[in-house]
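Printed here is input_20.txt (compact mmCIF, C-alpha atoms):
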```txt
# COMPACT_ATOMS: atom_id res chain seq x y z
CA MET L 1 -2.16 8.98 19.99
CA THR L 2 -5.73 8.05 19.18
CA THR L 3 -7.77 5.30 20.72
CA THR L 4 -9.47 3.05 18.21
CA THR L 5 -13.20 2.58 18.69
CA THR L 6 -13.92 -1.11 19.08
CA THR L 7 -16.40 -2.45 16.54
CA THR L 8 -19.11 -4.64 17.98
CA THR L 9 -19.60 -8.27 17.05
CA THR L 10 -22.90 -7.39 15.40
CA GLU L 11 -21.16 -4.97 13.04
CA LEU L 12 -18.77 -7.77 12.08
CA SER L 13 -21.47 -10.38 11.55
CA GLU L 14 -20.41 -10.52 7.92
CA THR L 15 -16.73 -11.46 7.66
CA THR L 16 -14.76 -8.59 6.15
CA LEU L 17 -11.35 -8.49 4.51
CA LEU L 18 -8.43 -6.45 5.83
CA ARG L 19 -5.24 -5.96 3.85
CA PHE L 20 -2.34 -4.97 6.09
CA ALA L 21 1.44 -4.74 5.94
CA THR L 22 4.25 -4.94 8.48
CA ALA L 23 7.26 -2.64 8.41
CA GLY L 24 10.14 -1.64 10.64
CA SER L 25 13.90 -1.53 10.91
CA VAL L 26 16.21 -4.53 10.73
CA ASP L 27 15.87 -7.01 13.61
CA ASP L 28 12.82 -5.28 15.07
CA GLY L 29 11.03 -8.64 14.95
CA LYS L 30 8.59 -8.32 12.06
CA SER L 31 8.78 -11.94 10.96
CA THR L 32 8.58 -13.15 14.55
CA LEU L 33 5.47 -11.04 15.09
CA VAL L 34 3.84 -12.44 11.97
CA GLY L 35 4.81 -15.98 12.96
CA ARG L 36 3.41 -15.46 16.45
CA LEU L 37 0.22 -13.99 14.99
CA LEU L 38 -0.26 -17.00 12.71
CA HIS L 39 0.71 -19.53 15.39
CA ASP L 40 -1.38 -18.19 18.25
CA SER L 41 -4.42 -17.59 16.05
CA LYS L 42 -4.27 -21.27 14.99
CA SER L 43 -3.58 -20.32 11.37
CA VAL L 44 -0.58 -22.63 10.90
CA LEU L 45 -0.97 -26.13 9.48
CA ALA L 46 0.54 -28.96 11.50
CA ASP L 47 3.06 -29.92 8.81
CA GLN L 48 4.21 -26.28 8.52
CA LEU L 49 4.81 -26.11 12.26
CA GLU L 50 6.66 -29.43 12.21
CA ALA L 51 8.92 -28.18 9.41
CA VAL L 52 9.70 -25.03 11.39
CA GLU L 53 10.46 -27.08 14.51
CA ARG L 54 12.85 -29.31 12.55
CA ALA L 55 14.59 -26.30 10.98
CA SER L 56 14.88 -24.61 14.37
CA ALA L 57 16.27 -27.77 16.01
CA SER L 58 18.88 -28.14 13.26
CA ARG L 59 20.09 -24.64 14.12
CA GLY L 60 20.41 -25.50 17.80
CA GLN L 61 17.34 -23.61 18.99
CA GLU L 62 15.31 -25.06 21.83
CA GLY L 63 11.89 -23.89 20.63
CA PRO L 64 10.42 -23.19 17.19
CA ASP L 65 11.65 -20.00 15.52
CA LEU L 66 8.32 -18.57 14.38
CA ALA L 67 10.06 -16.14 12.02
CA LEU L 68 10.71 -19.11 9.72
CA LEU L 69 6.99 -19.25 8.96
CA THR L 70 7.40 -16.18 6.76
CA ASP L 71 11.10 -16.06 5.87
CA GLY L 72 10.96 -18.48 2.96
CA LEU L 73 14.08 -17.61 0.97
CA ARG L 74 17.26 -19.50 1.82
CA ALA L 75 19.18 -16.23 2.19
CA GLU L 76 16.53 -14.97 4.59
CA ARG L 77 16.86 -18.00 6.85
CA GLU L 78 20.64 -17.95 6.76
CA GLN L 79 20.95 -14.25 7.55
CA GLY L 80 17.91 -13.94 9.79
CA ILE L 81 16.46 -11.08 7.75
CA THR L 82 13.52 -10.49 5.42
CA ILE L 83 14.40 -9.73 1.80
CA ASP L 84 11.28 -10.38 -0.25
CA VAL L 85 7.69 -9.37 0.50
CA ALA L 86 6.05 -12.42 2.05
CA TYR L 87 2.28 -12.56 1.55
CA ARG L 88 0.20 -14.62 3.94
CA TYR L 89 -3.52 -15.33 3.98
CA PHE L 90 -5.30 -16.26 7.18
CA ALA L 91 -8.66 -15.84 8.84
CA THR L 92 -10.35 -15.69 12.22
CA PRO L 93 -14.09 -16.06 12.89
CA ARG L 94 -14.37 -12.28 12.74
CA ARG L 95 -12.31 -11.30 9.69
CA ARG L 96 -10.17 -12.47 6.76
CA PHE L 97 -6.66 -11.08 6.32
CA ILE L 98 -4.12 -10.58 3.55
CA LEU L 99 -0.76 -9.79 5.13
CA ALA L 100 2.36 -8.40 3.46
CA ASP L 101 5.48 -8.92 5.59
CA THR L 102 7.98 -6.39 4.21
CA PRO L 103 11.77 -6.10 4.66
CA GLY L 104 13.50 -3.78 7.11
CA HIS L 105 16.83 -3.20 5.35
CA VAL L 106 17.18 0.23 3.75
CA GLN L 107 18.08 -1.29 0.38
CA TYR L 108 14.79 -3.21 0.39
CA THR L 109 12.59 -0.20 1.21
CA ARG L 110 11.18 -0.49 -2.32
CA ASN L 111 9.53 -3.73 -1.22
CA MET L 112 7.78 -1.91 1.61
CA VAL L 113 6.28 0.42 -1.00
CA THR L 114 4.98 -2.63 -2.86
CA GLY L 115 3.50 -4.25 0.23
CA ALA L 116 1.86 -1.11 1.62
CA SER L 117 0.49 0.24 -1.67
CA THR L 118 -2.76 -1.73 -1.31
CA ALA L 119 -2.81 -1.92 2.49
CA GLU L 120 -5.58 -0.49 4.65
CA LEU L 121 -3.41 -0.75 7.77
CA THR L 122 0.33 -0.78 8.42
CA VAL L 123 1.99 -2.23 11.50
CA ILE L 124 5.28 -0.41 12.12
CA LEU L 125 7.53 -2.20 14.60
CA VAL L 126 10.03 -0.48 16.86
CA ASP L 127 12.63 -2.19 19.03
CA ALA L 128 11.95 -0.94 22.56
CA ARG L 129 15.72 -0.77 23.18
CA ASN L 130 16.42 1.46 20.17
CA GLY L 131 13.29 3.59 19.89
CA VAL L 132 12.41 5.53 16.73
CA VAL L 133 15.24 5.31 14.18
CA GLU L 134 15.69 6.66 10.64
CA GLN L 135 14.12 3.61 9.01
CA THR L 136 11.11 3.98 11.31
CA ARG L 137 10.69 7.54 10.05
CA ARG L 138 11.10 6.41 6.45
CA HIS L 139 8.39 3.76 6.83
CA ALA L 140 6.08 6.27 8.52
CA ALA L 141 6.64 8.72 5.66
CA ILE L 142 5.88 6.04 3.08
CA ALA L 143 2.70 5.06 4.94
CA ALA L 144 1.67 8.72 4.93
CA LEU L 145 2.46 9.18 1.24
CA LEU L 146 0.53 6.03 0.36
CA ARG L 147 -2.32 7.36 2.54
CA VAL L 148 -2.68 4.15 4.51
CA PRO L 149 -5.77 4.88 6.67
CA HIS L 150 -4.59 3.14 9.87
CA VAL L 151 -1.14 2.83 11.44
CA VAL L 152 -0.25 0.59 14.40
CA LEU L 153 2.93 1.30 16.32
CA ALA L 154 4.03 -2.04 17.79
CA VAL L 155 6.74 -1.41 20.41
CA ASN L 156 8.39 -4.83 20.37
CA LYS L 157 10.86 -6.61 22.67
CA MET L 158 9.32 -5.12 25.79
CA ASP L 159 10.66 -8.18 27.64
CA LEU L 160 14.19 -6.84 27.05
CA VAL L 161 13.41 -3.55 28.83
CA ASP L 162 11.69 -5.22 31.79
CA TYR L 163 8.23 -4.30 30.46
CA ARG L 164 8.67 -0.71 31.67
CA GLU L 165 5.73 1.57 30.90
CA ALA L 166 7.95 4.66 30.73
CA VAL L 167 9.95 3.20 27.82
CA PHE L 168 6.77 2.48 25.87
CA ALA L 169 5.27 5.90 26.62
CA THR L 170 8.38 7.77 25.46
CA ILE L 171 8.55 5.89 22.15
CA ALA L 172 4.81 6.20 21.53
CA GLU L 173 4.90 9.95 22.18
CA GLU L 174 7.85 10.54 19.85
CA PHE L 175 6.41 8.47 17.02
CA THR L 176 2.92 9.95 17.33
CA ALA L 177 4.30 13.49 17.16
CA TYR L 178 6.24 12.61 14.00
CA ALA L 179 3.22 10.87 12.46
CA THR L 180 1.03 13.88 13.19
CA GLU L 181 3.44 16.12 11.26
CA LEU L 182 3.14 13.71 8.34
CA GLY L 183 -0.65 13.91 8.48
CA ILE L 184 -1.23 10.28 9.46
CA PRO L 185 -4.84 10.33 10.70
CA GLU L 186 -4.64 7.55 13.28
CA VAL L 187 -1.91 5.88 15.32
CA THR L 188 -2.61 3.06 17.75
CA ALA L 189 0.38 2.17 19.95
CA ILE L 190 0.62 -1.34 21.44
CA PRO L 191 3.46 -2.68 23.67
CA ILE L 192 4.32 -6.25 22.68
CA SER L 193 6.82 -9.06 22.92
CA ALA L 194 6.52 -11.10 19.73
CA LEU L 195 8.93 -13.72 21.07
CA ALA L 196 6.99 -14.27 24.30
CA GLY L 197 3.57 -13.59 22.80
CA ASP L 198 2.67 -10.61 25.00
CA ASN L 199 -0.24 -8.58 23.55
CA VAL L 200 -0.01 -10.24 20.13
CA VAL L 201 -3.03 -12.53 20.33
CA GLU L 202 -3.42 -12.88 24.10
CA PRO L 203 -3.24 -10.00 26.62
CA SER L 204 0.02 -9.75 28.53
CA ALA L 205 0.07 -10.83 32.16
CA THR L 206 3.23 -8.78 32.77
CA MET L 207 1.99 -5.42 31.41
CA ASP L 208 -1.11 -4.82 33.51
CA TRP L 209 -0.53 -1.06 33.09
CA TYR L 210 -1.69 -1.39 29.45
CA GLY L 211 -5.44 -1.58 28.95
CA GLY L 212 -5.73 -1.38 25.17
CA PRO L 213 -6.33 -4.07 22.55
CA THR L 214 -3.93 -6.80 21.50
CA VAL L 215 -2.58 -6.69 17.96
CA LEU L 216 -5.06 -9.32 16.73
CA GLU L 217 -7.98 -7.70 18.53
CA HIS L 218 -7.20 -4.38 16.87
CA LEU L 219 -6.84 -6.04 13.46
CA GLU L 220 -10.20 -7.74 13.93
CA THR L 221 -12.06 -4.61 15.01
CA VAL L 222 -10.47 -1.69 13.14
CA PRO L 223 -13.10 -0.15 10.82
CA VAL L 224 -12.59 -1.04 7.17
CA SER L 225 -14.46 1.28 4.86
CA HIS L 226 -15.73 -0.19 1.60
CA ASP L 227 -18.23 2.59 0.93
CA LEU L 228 -18.30 2.99 -2.83
CA ALA L 229 -20.76 5.87 -2.92
CA HIS L 230 -18.03 8.52 -2.75
CA CYS L 231 -15.53 6.85 -5.10
CA HIS L 232 -14.87 8.04 -8.62
CA ALA L 233 -15.89 5.10 -10.83
CA ARG L 234 -13.02 3.97 -13.05
CA LEU L 235 -12.61 0.94 -15.35
CA PRO L 236 -9.21 0.58 -17.08
CA VAL L 237 -9.73 -1.51 -20.22
CA GLN L 238 -7.44 -4.52 -20.20
CA TYR L 239 -8.75 -6.53 -23.15
CA VAL L 240 -11.29 -6.29 -25.95
CA ILE L 241 -13.41 -9.46 -26.22
CA ARG L 242 -14.60 -10.15 -29.78
CA PRO L 243 -15.42 -13.91 -30.11
CA GLN L 244 -17.09 -13.71 -33.56
CA THR L 245 -18.75 -17.09 -33.13
CA ALA L 246 -22.07 -18.35 -34.36
CA GLU L 247 -23.45 -17.99 -30.84
CA HIS L 248 -22.07 -14.46 -30.41
CA PRO L 249 -21.69 -12.99 -33.91
CA ASP L 250 -21.82 -9.32 -32.86
CA TYR L 251 -20.48 -9.49 -29.30
CA ARG L 252 -17.94 -6.79 -28.46
CA GLY L 253 -17.05 -6.38 -24.80
CA TYR L 254 -14.43 -4.41 -22.91
CA ALA L 255 -12.89 -6.37 -20.06
CA GLY L 256 -11.03 -5.17 -17.01
CA GLN L 257 -11.02 -4.93 -13.23
CA ILE L 258 -13.00 -2.02 -11.81
CA ALA L 259 -10.41 0.17 -10.09
CA ALA L 260 -12.86 2.30 -8.11
CA GLY L 261 -16.55 3.00 -7.66
CA SER L 262 -19.37 1.15 -9.39
CA PHE L 263 -21.00 0.93 -12.82
CA ARG L 264 -24.62 0.27 -13.70
CA VAL L 265 -26.45 -0.78 -16.88
CA GLY L 266 -27.96 2.27 -18.56
CA GLU L 267 -25.34 4.65 -17.17
CA ARG L 268 -23.83 7.28 -19.46
CA VAL L 269 -20.07 6.87 -19.68
CA MET L 270 -17.09 8.45 -21.39
CA VAL L 271 -14.10 6.67 -22.92
CA LEU L 272 -10.77 8.38 -22.33
CA PRO L 273 -8.56 9.70 -23.80
CA SER L 274 -10.83 10.00 -26.89
CA GLY L 275 -13.63 11.69 -24.93
CA ARG L 276 -16.40 9.82 -26.78
CA THR L 277 -19.59 9.23 -24.78
CA THR L 278 -22.01 6.32 -24.88
CA THR L 279 -24.23 4.20 -22.62
CA ILE L 280 -23.55 0.89 -20.87
CA SER L 281 -25.88 -1.64 -22.48
CA GLY L 282 -24.76 -4.63 -20.43
CA ILE L 283 -22.34 -5.91 -17.81
CA ASP L 284 -21.12 -9.51 -17.73
CA LEU L 285 -19.69 -10.90 -14.49
CA LEU L 286 -18.38 -14.49 -14.44
CA GLY L 287 -20.24 -15.17 -17.66
CA LYS L 288 -23.60 -13.92 -16.37
CA PRO L 289 -25.31 -10.57 -16.94
CA VAL L 290 -25.64 -8.25 -13.91
CA GLU L 291 -27.20 -4.84 -13.42
CA VAL L 292 -24.40 -3.33 -11.32
CA ALA L 293 -20.72 -4.08 -10.62
CA TRP L 294 -18.24 -2.48 -8.24
CA THR L 295 -14.62 -2.12 -7.14
CA THR L 296 -12.24 -5.09 -7.61
CA GLN L 297 -14.74 -7.08 -9.66
CA SER L 298 -13.45 -8.23 -13.06
CA VAL L 299 -16.16 -7.55 -15.60
CA THR L 300 -16.91 -7.19 -19.29
CA VAL L 301 -18.79 -4.02 -20.22
CA LEU L 302 -20.89 -3.75 -23.37
CA LEU L 303 -21.57 -0.33 -24.89
CA THR L 304 -24.53 0.90 -26.92
CA ASP L 305 -22.45 2.62 -29.61
CA ASP L 306 -19.75 1.00 -31.69
CA ILE L 307 -16.85 3.30 -30.79
CA ASP L 308 -13.12 2.72 -30.82
CA VAL L 309 -12.02 1.35 -27.44
CA SER L 310 -8.74 -0.47 -26.87
CA ARG L 311 -6.42 -1.65 -24.09
CA GLY L 312 -5.20 1.27 -22.01
CA ASP L 313 -8.39 3.30 -22.39
CA LEU L 314 -10.35 4.32 -19.31
CA ILE L 315 -14.14 4.06 -18.99
CA VAL L 316 -15.60 6.63 -16.55
CA PRO L 317 -19.01 8.18 -15.81
CA SER L 318 -19.56 11.05 -18.24
CA LYS L 319 -20.44 13.38 -15.34
CA ASP L 320 -17.35 12.44 -13.32
CA ALA L 321 -14.46 12.31 -15.78
CA PRO L 322 -10.90 13.22 -14.75
CA GLN L 323 -9.12 15.87 -16.76
CA ALA L 324 -6.53 14.44 -19.12
CA THR L 325 -3.14 16.17 -19.00
CA GLN L 326 0.40 15.77 -20.29
CA ASP L 327 1.93 17.57 -17.31
CA ILE L 328 1.93 15.53 -14.10
CA GLU L 329 3.18 16.69 -10.72
CA ALA L 330 3.65 13.94 -8.19
CA THR L 331 5.42 12.74 -5.08
CA VAL L 332 7.57 9.70 -5.75
CA CYS L 333 9.59 7.10 -3.91
CA HIS L 334 12.58 6.10 -6.01
CA VAL L 335 13.12 2.34 -5.82
CA ALA L 336 15.89 1.59 -8.34
CA ASP L 337 19.67 1.55 -7.88
CA GLN L 338 19.94 3.75 -10.97
CA PRO L 339 19.33 7.43 -10.04
CA LEU L 340 16.37 9.36 -11.44
CA THR L 341 17.66 12.58 -13.00
CA VAL L 342 16.23 15.67 -14.66
CA GLY L 343 15.89 14.91 -18.37
CA HIS L 344 15.52 11.17 -17.75
CA ARG L 345 13.45 9.56 -20.52
CA VAL L 346 11.14 6.91 -19.10
CA LEU L 347 7.97 4.94 -19.66
CA LEU L 348 5.06 5.88 -17.41
CA LYS L 349 2.60 3.08 -16.62
CA HIS L 350 -0.78 4.27 -15.37
CA GLY L 351 -3.39 1.55 -14.97
CA THR L 352 -3.33 -0.48 -18.17
CA ARG L 353 -1.83 2.35 -20.24
CA THR L 354 1.90 2.90 -20.85
CA VAL L 355 3.21 6.09 -22.46
CA LYS L 356 6.60 7.70 -23.09
CA ALA L 357 7.56 10.49 -20.69
CA ILE L 358 10.43 12.72 -19.62
CA VAL L 359 11.34 14.00 -16.15
CA LYS L 360 11.19 17.80 -16.53
CA ASP L 361 12.13 18.79 -12.99
CA ILE L 362 12.82 17.46 -9.50
CA PRO L 363 11.76 20.42 -7.32
CA SER L 364 12.67 18.91 -3.95
CA ARG L 365 13.75 15.93 -1.89
CA LEU L 366 12.44 15.16 1.59
CA THR L 367 14.86 14.88 4.52
CA LEU L 368 13.37 12.35 6.90
CA ASP L 369 15.05 13.43 10.14
CA ASP L 370 13.34 16.81 10.43
CA LEU L 371 11.01 16.75 7.38
CA SER L 372 12.92 19.63 5.82
CA LEU L 373 13.16 20.09 2.07
CA HIS L 374 16.27 19.98 -0.07
CA PRO L 375 15.39 22.10 -3.13
CA HIS L 376 16.29 21.05 -6.68
CA PRO L 377 18.53 18.06 -5.92
CA GLU L 378 18.84 17.27 -9.66
CA GLN L 379 18.47 13.55 -8.94
CA LEU L 380 16.85 11.01 -6.64
CA VAL L 381 18.75 7.90 -5.53
CA ALA L 382 17.38 4.62 -4.18
CA ASN L 383 14.84 5.06 -1.36
CA ASP L 384 14.67 8.87 -1.77
CA ILE L 385 11.27 10.53 -1.49
CA GLY L 386 10.88 13.60 -3.67
CA ARG L 387 8.68 15.79 -5.78
CA VAL L 388 8.83 15.49 -9.59
CA LYS L 389 7.33 17.11 -12.67
CA ILE L 390 6.78 14.83 -15.65
CA ARG L 391 5.77 15.53 -19.26
CA THR L 392 4.06 12.65 -21.06
CA ALA L 393 3.92 12.07 -24.81
CA GLU L 394 0.14 11.56 -24.65
CA PRO L 395 -2.54 12.97 -22.34
CA LEU L 396 -3.30 10.81 -19.30
CA PRO L 397 -6.60 10.85 -17.36
CA ALA L 398 -4.98 10.63 -13.92
CA ASP L 399 -6.87 11.26 -10.69
CA SER L 400 -5.31 12.80 -7.61
CA TYR L 401 -3.93 10.08 -5.36
CA ALA L 402 -5.93 11.61 -2.50
CA ASP L 403 -9.12 10.79 -4.44
CA SER L 404 -8.15 7.35 -5.72
CA ARG L 405 -5.17 5.23 -4.69
CA ARG L 406 -5.62 3.04 -7.78
CA THR L 407 -6.01 5.63 -10.56
CA GLY L 408 -3.88 8.28 -8.86
CA SER L 409 -0.75 6.12 -8.83
CA PHE L 410 1.79 5.20 -11.49
CA ILE L 411 5.24 3.74 -11.95
CA LEU L 412 8.18 4.93 -14.03
CA ILE L 413 9.97 2.26 -16.05
CA ASP L 414 13.38 2.19 -17.70
CA PRO L 415 12.61 1.77 -21.44
CA ALA L 416 15.94 0.00 -22.00
CA ASP L 417 15.43 -3.02 -19.76
CA GLY L 418 11.96 -2.72 -18.20
CA THR L 419 13.27 -2.03 -14.67
CA THR L 420 10.85 -0.29 -12.34
CA LEU L 421 12.46 3.01 -11.38
CA THR L 422 9.96 4.94 -9.31
CA ALA L 423 6.55 4.66 -7.66
CA GLY L 424 4.53 7.86 -7.93
CA MET L 425 1.46 9.43 -6.35
CA VAL L 426 -0.27 12.18 -8.35
CA GLY L 427 -1.11 15.49 -6.68
CA ASP L 428 -0.59 16.60 -3.10
CA SER L 429 1.92 14.80 -0.93
CA PHE L 430 0.63 14.32 2.59
CA ALA L 431 -2.87 14.55 4.02
CA THR L 432 -2.05 17.78 5.90
CA PRO L 433 0.76 20.32 5.50
CA VAL L 434 4.16 19.36 6.81
CA PRO L 435 6.12 22.32 8.27
CA ALA L 436 8.91 23.32 5.91
CA HIS L 437 12.02 24.00 7.99
CA ASP L 438 14.17 24.83 4.98
CA ASP L 439 13.77 28.50 4.05
CA ARG L 440 15.52 27.88 0.74
CA ALA L 441 12.55 25.89 -0.60
CA ASP L 442 10.77 27.90 -3.28
CA ASP L 443 7.32 27.77 -4.86
CA ASP L 444 8.36 24.81 -6.97
CA GLY L 445 8.90 22.68 -3.87
CA TRP L 446 6.33 20.58 -2.08
CA ASP L 447 2.71 21.32 -2.93
CA PHE L 448 0.39 20.69 -0.02
```

This structure in structure tokens:
Amino acid sequence: MTTTTTTTTTELSETTLLRFATAGSVDDGKSTLVGRLLHDSKSVLADQLEAVERASASRGQEGPDLALLTDGLRAEREQGITIDVAYRYFATPRRRFILADTPGHVQYTRNMVTGASTAELTVILVDARNGVVEQTRRHAAIAALLRVPHVVLAVNKMDLVDYREAVFATIAEEFTAYATELGIPEVTAIPISALAGDNVVEPSATMDWYGGPTVLEHLETVPVSHDLAHCHARLPVQYVIRPQTAEHPDYRGYAGQIAAGSFRVGERVMVLPSGRTTTISGIDLLGKPVEVAWTTQSVTVLLTDDIDVSRGDLIVPSKDAPQATQDIEATVCHVADQPLTVGHRVLLKHGTRTVKAIVKDIPSRLTLDDLSLHPHPEQLVANDIGRVKIRTAEPLPADSYADSRRTGSFILIDPADGTTLTAGMVGDSFATPVPAHDDRADDDGWDF
């Protein structure tokens, strides 16, 4: 278990943005934690709180049920569970937050993949009475596969185990050992009671044996790296702008959101998959010309040469171009009720490009209990994590997921009805090798 270095107030003088997700098994208290976080950080509007108090009173509860702040669907409120991913935006004087509250039920694990795919931190809750369960392991494995940089283990409901330090220490040790095998670089364990508010926003008066940060303090101070210098610059073309007006008779721009890195006027670039090279002659941002643009900005790029560029193409620096290939090996999390089988014909969506593809092989499936490998399972069912080999109809310039979470990821789609089947990460699986306990796994198994 690592101890997070606290960032000073000076380093946070400019408000930064942190995207984080919550995960955990059913009834571990995710929605209550989020509600407590919003309530105690004064991020709830008065009318929202009044509505929650009325709803709680109508159900015979003495105090407000803070879980109702995030459980918005009628079925969620009736059953007391989270079904959909609930996104919440809030801010403190030190940082802005985008939160994805994800479901705990096994059948909704696919939603956890959605919520954590863009997260820089994941809070995994564990019920102190139950400890680490299978769904906890599944969420940890997904966080590792998605290469979420920071993981917080929130041991919840400490009030129901008399705030005993030994209970917390045992759970933290078990989870940290499992996370280390997965290659998760950092785990910060925090004992909390979301219902009572212990160590969520304010330090607990009943757990004086714990000297670490509260959940909010950790969220406010965890380092968030936005260093673009080491990113591979990538611009998926979403739309070709050709106004052909009297004011802009010859304007031809290529619009999209920069997926990674930065681009500068005068830079030599390559357009993939054609491989043609040219120079950036201009960059328009919000209708105004700029000299440089970077990750997440939506821009229009103008090129010196009149070459064929269309939606689905990828603009990259000519000296840092990914190799296009029709054979993709990836780790996937299957999210559909329909199984993924060898020979399955699918559509593969990578960035703004969609191509036909076929599943050539499923070398292995991961067993979450002991991280062993089941070789050649022939199919993956809902919530399975496995290794696949895919052949695409056209070459794709895909990066390794380890290098770029945006351009190293893809989804597989059912061509018949447009259902999302699988979320995939190109290249190696986990950050560090996971011990293979299954001697039957062959060379076509997990590539680390």

Notebook entry, point to check: Near Leu285 in chain L, within 8 Å and counting all atoms listed in the file, which residues show up once chain neighbours fewer than 2 positions away are dropped, as a list in words?
Noted result: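 Everything that qualifies: Ile283, Gly287, Lys288, Pro289, Val290, Ala293, Gln297, Ser298, Val299 and Thr300 of chain L.
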
Write out the residues from the selection above, keeping C-alpha atoms, as a PDB file, in the frame of the given file.
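What follows is the written file selection39.pdb:
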```pdb
ATOM      1  CA  ILE L 283     -22.340  -5.910 -17.810  1.00  0.00           C
ATOM      2  CA  GLY L 287     -20.240 -15.170 -17.660  1.00  0.00           C
ATOM      3  CA  LYS L 288     -23.600 -13.920 -16.370  1.00  0.00           C
ATOM      4  CA  PRO L 289     -25.310 -10.570 -16.940  1.00  0.00           C
ATOM      5  CA  VAL L 290     -25.640  -8.250 -13.910  1.00  0.00           C
ATOM      6  CA  ALA L 293     -20.720  -4.080 -10.620  1.00  0.00           C
ATOM      7  CA  GLN L 297     -14.740  -7.080  -9.660  1.00  0.00           C
ATOM      8  CA  SER L 298     -13.450  -8.230 -13.060  1.00  0.00           C
ATOM      9  CA  VAL L 299     -16.160  -7.550 -15.600  1.00  0.00           C
ATOM     10  CA  THR L 300     -16.910  -7.190 -19.290  1.00  0.00           C
TER      11      THR L 300
END
```

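Distances to Lys360 in chain L were evaluated for L:Ala205, L:Val292, L:Val388, L:Val309 using all atoms listed in the file, and the minimum falls at L:Val388.
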
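Coordinates place CA of Arg138 in chain L at a distance of 24.7 Å from CA of Leu160 in chain L.
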
Checklist line | Within 9 Å of range 395-410 of chain L using all atoms listed in the file, minus same-chain residues under 3 positions, as JSON, numbers by chain | finding: {"L": [117, 118, 146, 147, 231, 232, 234, 236, 259, 260, 272, 273, 314, 321, 322, 323, 324, 325, 326, 327, 328, 330, 348, 349, 350, 351, 353, 355, 392, 422, 423, 424, 425, 426, 427, 428, 429, 430, 431]}

List the spatial neighbours of Ser25 in chain L as an mmCIF file with C-alpha atoms, keeping the file's coordinate frame - criterion: any atom at most 10 Å away, only C-alpha atoms, same-chain residues fewer than 2 positions off excluded.
```cif
data_model
loop_
_atom_site.group_PDB
_atom_site.id
_atom_site.type_symbol
_atom_site.label_atom_id
_atom_site.label_comp_id
_atom_site.auth_asym_id
_atom_site.auth_seq_id
_atom_site.Cartn_x
_atom_site.Cartn_y
_atom_site.Cartn_z
ATOM 1 C CA ALA L 23 7.260 -2.640 8.410
ATOM 2 C CA ASP L 27 15.870 -7.010 13.610
ATOM 3 C CA ASP L 28 12.820 -5.280 15.070
ATOM 4 C CA GLY L 29 11.030 -8.640 14.950
ATOM 5 C CA LYS L 30 8.590 -8.320 12.060
ATOM 6 C CA PRO L 103 11.770 -6.100 4.660
ATOM 7 C CA GLY L 104 13.500 -3.780 7.110
ATOM 8 C CA HIS L 105 16.830 -3.200 5.350
ATOM 9 C CA VAL L 106 17.180 0.230 3.750
ATOM 10 C CA THR L 109 12.590 -0.200 1.210
ATOM 11 C CA ILE L 124 5.280 -0.410 12.120
ATOM 12 C CA LEU L 125 7.530 -2.200 14.600
ATOM 13 C CA VAL L 126 10.030 -0.480 16.860
ATOM 14 C CA ASP L 127 12.630 -2.190 19.030
ATOM 15 C CA VAL L 132 12.410 5.530 16.730
ATOM 16 C CA VAL L 133 15.240 5.310 14.180
ATOM 17 C CA GLU L 134 15.690 6.660 10.640
ATOM 18 C CA GLN L 135 14.120 3.610 9.010
ATOM 19 C CA THR L 136 11.110 3.980 11.310
ATOM 20 C CA ARG L 137 10.690 7.540 10.050
ATOM 21 C CA ARG L 138 11.100 6.410 6.450
ATOM 22 C CA HIS L 139 8.390 3.760 6.830
#
```

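Nearest residue to Arg264 in chain L among L:Leu18, L:Ala141, L:Val316, L:Ile307 is L:Val316, counting all atoms listed in the file.
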
Notebook entry, point to check: Which residue gives the smallest distance to Ile192 in chain L among L:Arg252, L:Arg164, L:Arg19, L:Arg242, with only C-alpha atoms counted?
Noted result: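 Among the listed residues, the smallest separation from Ile192 in chain L belongs to L:Arg164.
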
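Interatomic distance, CA of Glu291 in chain L to CA of Ala233 in chain L: 15.3 Å.
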
Note to self: One decimal, in Å: what's the spacing between CA of Gly212 in chain L and CA of Tyr89 in chain L?
What the structure shows: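 A separation of 25.5 Å between them.
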
Check: Quick one: of L:Gly261, L:Pro363, L:Gly386, L:Pro213, who's nearest to Thr295 in chain L, counting only C-alpha atoms?
Finding: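 Closest to Thr295 in chain L of all the choices is L:Gly261.
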
Next item on the list: Step by step: start from the point (-7.2, -6.0, -16.2) in the file's coordinates, keep every protein, DNA or RNA residue that has an atom no farther than 9 Å from it, count only C-alpha atoms, and write the set as an MDAnalysis selection string.
Entry: chainID L and resid 235:239 255:258 298 351:352

Check: Which residue gives the smallest distance to Ala336 in chain L among L:Ile413, L:Ala179, L:Ala357, L:Leu368, with only C-alpha atoms counted?
Finding: L:Ile413

Next item on the list: Check the smallest atom-to-atom distance from each of L:Thr278, L:Tyr163, L:Thr22, L:Gly266 to Val113 in chain L using all atoms listed in the file, then report the winner.
Entry: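 The shortest atom-to-atom distance to Val113 in chain L comes from L:Thr22.
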
Note to self: Env of Glu173 in chain L: 12 Å cut, atoms = all atoms listed in the file, seq-sep filter 6 positions within chain, self excluded. Answer as an MDAnalysis selection string.
What the structure shows: chainID L and resid 1:2 131:132 153 155 166:167 179:180 187:189
